[in-house]
>>> print(open('coords_4.txt').read())   # compact mmCIF, N, CA and C atoms
# COMPACT_ATOMS: atom_id res chain seq x y z
N MET A 663 68.14 94.71 -118.60
CA MET A 663 67.83 95.60 -117.51
C MET A 663 66.98 96.78 -117.99
N THR A 664 67.20 97.20 -119.23
CA THR A 664 66.45 98.31 -119.77
C THR A 664 64.96 97.97 -119.89
N LEU A 665 64.67 96.72 -120.26
CA LEU A 665 63.27 96.32 -120.39
C LEU A 665 62.54 96.42 -119.06
N VAL A 666 63.24 96.19 -117.97
CA VAL A 666 62.62 96.33 -116.64
C VAL A 666 62.19 97.78 -116.43
N PHE A 667 63.06 98.73 -116.76
CA PHE A 667 62.72 100.14 -116.60
C PHE A 667 61.59 100.54 -117.54
N ILE A 668 61.60 100.00 -118.75
CA ILE A 668 60.54 100.30 -119.72
C ILE A 668 59.20 99.80 -119.21
N ARG A 669 59.18 98.59 -118.64
CA ARG A 669 57.92 98.06 -118.11
C ARG A 669 57.41 98.89 -116.95
N ILE A 670 58.31 99.35 -116.10
CA ILE A 670 57.90 100.23 -114.99
C ILE A 670 57.34 101.53 -115.54
N LEU A 671 58.00 102.10 -116.53
CA LEU A 671 57.52 103.32 -117.16
C LEU A 671 56.15 103.11 -117.79
N LEU A 672 55.96 101.97 -118.46
CA LEU A 672 54.67 101.67 -119.07
C LEU A 672 53.57 101.55 -118.01
N ARG A 673 53.88 100.98 -116.86
CA ARG A 673 52.88 100.87 -115.80
C ARG A 673 52.45 102.26 -115.32
N TYR A 674 53.42 103.17 -115.16
CA TYR A 674 53.06 104.53 -114.73
C TYR A 674 52.27 105.26 -115.80
N ILE A 675 52.66 105.11 -117.04
CA ILE A 675 51.92 105.75 -118.13
C ILE A 675 50.50 105.20 -118.21
N ALA A 676 50.37 103.87 -118.10
CA ALA A 676 49.05 103.26 -118.14
C ALA A 676 48.19 103.73 -116.97
N ALA A 677 48.80 103.86 -115.79
CA ALA A 677 48.04 104.32 -114.62
C ALA A 677 47.52 105.74 -114.82
N VAL A 678 48.35 106.60 -115.38
CA VAL A 678 47.92 107.98 -115.63
C VAL A 678 46.80 108.00 -116.66
N LEU A 679 46.94 107.22 -117.73
CA LEU A 679 45.91 107.21 -118.76
C LEU A 679 44.59 106.64 -118.25
N VAL A 680 44.66 105.61 -117.40
CA VAL A 680 43.43 105.04 -116.84
C VAL A 680 42.77 106.01 -115.88
N THR A 681 43.55 106.66 -115.03
CA THR A 681 42.95 107.59 -114.07
C THR A 681 42.36 108.82 -114.76
N GLN A 682 42.91 109.20 -115.88
CA GLN A 682 42.35 110.32 -116.64
C GLN A 682 41.14 109.91 -117.47
N GLY A 683 40.90 108.61 -117.55
CA GLY A 683 39.77 108.10 -118.31
C GLY A 683 40.01 108.04 -119.80
N LEU A 684 41.27 108.09 -120.21
CA LEU A 684 41.59 108.07 -121.63
C LEU A 684 41.60 106.67 -122.21
N ILE A 685 41.89 105.66 -121.38
CA ILE A 685 41.84 104.28 -121.83
C ILE A 685 41.13 103.44 -120.78
N ALA A 686 40.65 102.28 -121.20
CA ALA A 686 39.96 101.37 -120.29
C ALA A 686 40.99 100.67 -119.39
N PRO A 687 40.60 100.29 -118.19
CA PRO A 687 41.54 99.60 -117.29
C PRO A 687 42.10 98.31 -117.89
N GLU A 688 41.30 97.59 -118.68
CA GLU A 688 41.80 96.36 -119.30
C GLU A 688 42.92 96.66 -120.29
N LEU A 689 42.79 97.73 -121.03
CA LEU A 689 43.84 98.12 -121.97
C LEU A 689 45.09 98.57 -121.23
N GLY A 690 44.92 99.21 -120.10
CA GLY A 690 46.08 99.61 -119.29
C GLY A 690 46.84 98.42 -118.78
N ASP A 691 46.11 97.37 -118.34
CA ASP A 691 46.77 96.15 -117.90
C ASP A 691 47.52 95.49 -119.05
N LEU A 692 46.89 95.45 -120.21
CA LEU A 692 47.53 94.85 -121.38
C LEU A 692 48.78 95.63 -121.77
N MET A 693 48.69 96.94 -121.75
CA MET A 693 49.81 97.79 -122.15
C MET A 693 51.01 97.63 -121.21
N SER A 694 50.75 97.50 -119.92
CA SER A 694 51.86 97.42 -118.97
C SER A 694 52.44 96.03 -118.85
N ALA A 695 51.74 95.01 -119.31
CA ALA A 695 52.22 93.64 -119.14
C ALA A 695 52.71 93.00 -120.44
N ASP A 696 52.44 93.61 -121.57
CA ASP A 696 52.81 93.00 -122.85
C ASP A 696 54.28 93.25 -123.16
N PRO A 697 55.09 92.20 -123.29
CA PRO A 697 56.52 92.39 -123.57
C PRO A 697 56.78 92.96 -124.97
N ASP A 698 55.86 92.72 -125.91
CA ASP A 698 56.05 93.28 -127.26
C ASP A 698 55.93 94.79 -127.25
N ILE A 699 55.00 95.31 -126.48
CA ILE A 699 54.87 96.76 -126.37
C ILE A 699 56.09 97.35 -125.69
N ALA A 700 56.59 96.68 -124.65
CA ALA A 700 57.78 97.16 -123.96
C ALA A 700 58.99 97.16 -124.90
N MET A 701 59.13 96.12 -125.73
CA MET A 701 60.25 96.07 -126.65
C MET A 701 60.13 97.14 -127.73
N ALA A 702 58.92 97.38 -128.21
CA ALA A 702 58.71 98.42 -129.21
C ALA A 702 59.04 99.80 -128.63
N LEU A 703 58.64 100.02 -127.38
CA LEU A 703 58.96 101.30 -126.74
C LEU A 703 60.46 101.44 -126.53
N GLN A 704 61.14 100.35 -126.21
CA GLN A 704 62.59 100.39 -126.04
C GLN A 704 63.27 100.76 -127.36
N ILE A 705 62.81 100.20 -128.45
CA ILE A 705 63.37 100.53 -129.76
C ILE A 705 63.09 101.99 -130.10
N LEU A 706 61.89 102.46 -129.81
CA LEU A 706 61.53 103.86 -130.08
C LEU A 706 62.40 104.82 -129.27
N ILE A 707 62.60 104.52 -128.00
CA ILE A 707 63.44 105.38 -127.15
C ILE A 707 64.88 105.39 -127.66
N GLY A 708 65.38 104.23 -128.06
CA GLY A 708 66.73 104.15 -128.62
C GLY A 708 66.87 104.97 -129.90
N ALA A 709 65.86 104.91 -130.75
CA ALA A 709 65.89 105.69 -131.99
C ALA A 709 65.82 107.18 -131.70
N LEU A 710 65.03 107.58 -130.71
CA LEU A 710 64.95 109.00 -130.35
C LEU A 710 66.27 109.51 -129.79
N ILE A 711 66.93 108.70 -128.99
CA ILE A 711 68.24 109.11 -128.44
C ILE A 711 69.26 109.23 -129.56
N ALA A 712 69.25 108.29 -130.50
CA ALA A 712 70.18 108.36 -131.64
C ALA A 712 69.91 109.60 -132.48
N ALA A 713 68.63 109.91 -132.73
CA ALA A 713 68.28 111.09 -133.52
C ALA A 713 68.70 112.37 -132.80
N LEU A 714 68.53 112.41 -131.49
CA LEU A 714 68.95 113.56 -130.71
C LEU A 714 70.47 113.76 -130.78
N ALA A 715 71.21 112.68 -130.68
CA ALA A 715 72.67 112.77 -130.76
C ALA A 715 73.13 113.24 -132.14
N GLU A 716 72.51 112.72 -133.18
CA GLU A 716 72.88 113.14 -134.54
C GLU A 716 72.48 114.60 -134.80
N GLY A 717 71.34 115.00 -134.27
CA GLY A 717 70.92 116.41 -134.42
C GLY A 717 71.87 117.35 -133.69
N TRP A 718 72.30 116.95 -132.51
CA TRP A 718 73.24 117.76 -131.75
C TRP A 718 74.57 117.86 -132.49
N TYR A 719 75.01 116.76 -133.09
CA TYR A 719 76.26 116.74 -133.86
C TYR A 719 76.15 117.67 -135.07
N MET A 720 74.99 117.66 -135.73
CA MET A 720 74.79 118.54 -136.88
C MET A 720 74.82 120.01 -136.44
N LEU A 721 74.17 120.32 -135.34
CA LEU A 721 74.19 121.70 -134.83
C LEU A 721 75.60 122.13 -134.42
N ALA A 722 76.35 121.22 -133.84
CA ALA A 722 77.71 121.54 -133.43
C ALA A 722 78.58 121.89 -134.63
N HIS A 723 78.43 121.17 -135.72
CA HIS A 723 79.20 121.50 -136.90
C HIS A 723 78.71 122.78 -137.56
N ARG A 724 77.43 123.01 -137.55
CA ARG A 724 76.88 124.19 -138.20
C ARG A 724 77.31 125.47 -137.48
N PHE A 725 77.33 125.43 -136.15
CA PHE A 725 77.66 126.62 -135.38
C PHE A 725 79.11 126.68 -134.91
N GLY A 726 79.90 125.72 -135.33
CA GLY A 726 81.32 125.74 -135.01
C GLY A 726 81.66 125.32 -133.61
N TRP A 727 80.80 124.55 -132.96
CA TRP A 727 81.08 124.11 -131.61
C TRP A 727 82.06 122.93 -131.59
N ALA A 728 82.10 122.16 -132.68
CA ALA A 728 82.99 120.99 -132.76
C ALA A 728 84.32 121.41 -133.35
N ARG A 729 85.36 121.26 -132.59
CA ARG A 729 86.69 121.64 -133.09
C ARG A 729 87.68 120.58 -132.80
>>> encode(input="coords_4.txt", output="structure tokens")
Amino acid sequence: MTLVFIRILLRYIAAVLVTQGLIAPELGDLMSADPDIAMALQILIGALIAALAEGWYMLAHRFGWAR
């Protein structure tokens, strides 16, 4: 189910980049339809969420929020 949301997000990102003229329309189509790009973005988002959680945990211990 997450890949569905990632593909939708990629379509919106590609649309913004194409309308701004930053990428060619063909590249936008490729970016929004390629499952490998969607899977890589899903892994990246998961890693960012994990890093955010670990950073928050470190701050909680440093400032005494975790008891």
>>> residues_around(input="coords_4.txt", residues="segment 665-671 of chain A", least_positions_apart="4", cutoff="6 Å", atoms="all atoms listed in the file", output="ChimeraX atom specification")
/A:675-676,694,700
>>> atom_distance(input="coords_4.txt", atom1="atom CA of Arg673 of chain A", atom2="atom C of Ala715 of chain A")
28.8 Å
>>> atom_distance(input="coords_4.txt", atom1="atom C of Phe725 of chain A", atom2="atom CA of Ala713 of chain A")
19.0 Å
>>> atom_distance(input="coords_4.txt", atom1="atom CA of Glu688 of chain A", atom2="atom N of Met701 of chain A")
18.5 Å
>>> select_by_dssp(input="coords_4.txt", residues="chain A", states="helix (DSSP H, G or I)", output="ChimeraX atom specification")
/A:664-681,687-695,697-725
>>> closest_residue(input="coords_4.txt", among="A:Ala722, A:Leu714, A:Leu672, A:Ala728", to="Asp696 of chain A", atoms="only C-alpha atoms")
A:Leu672
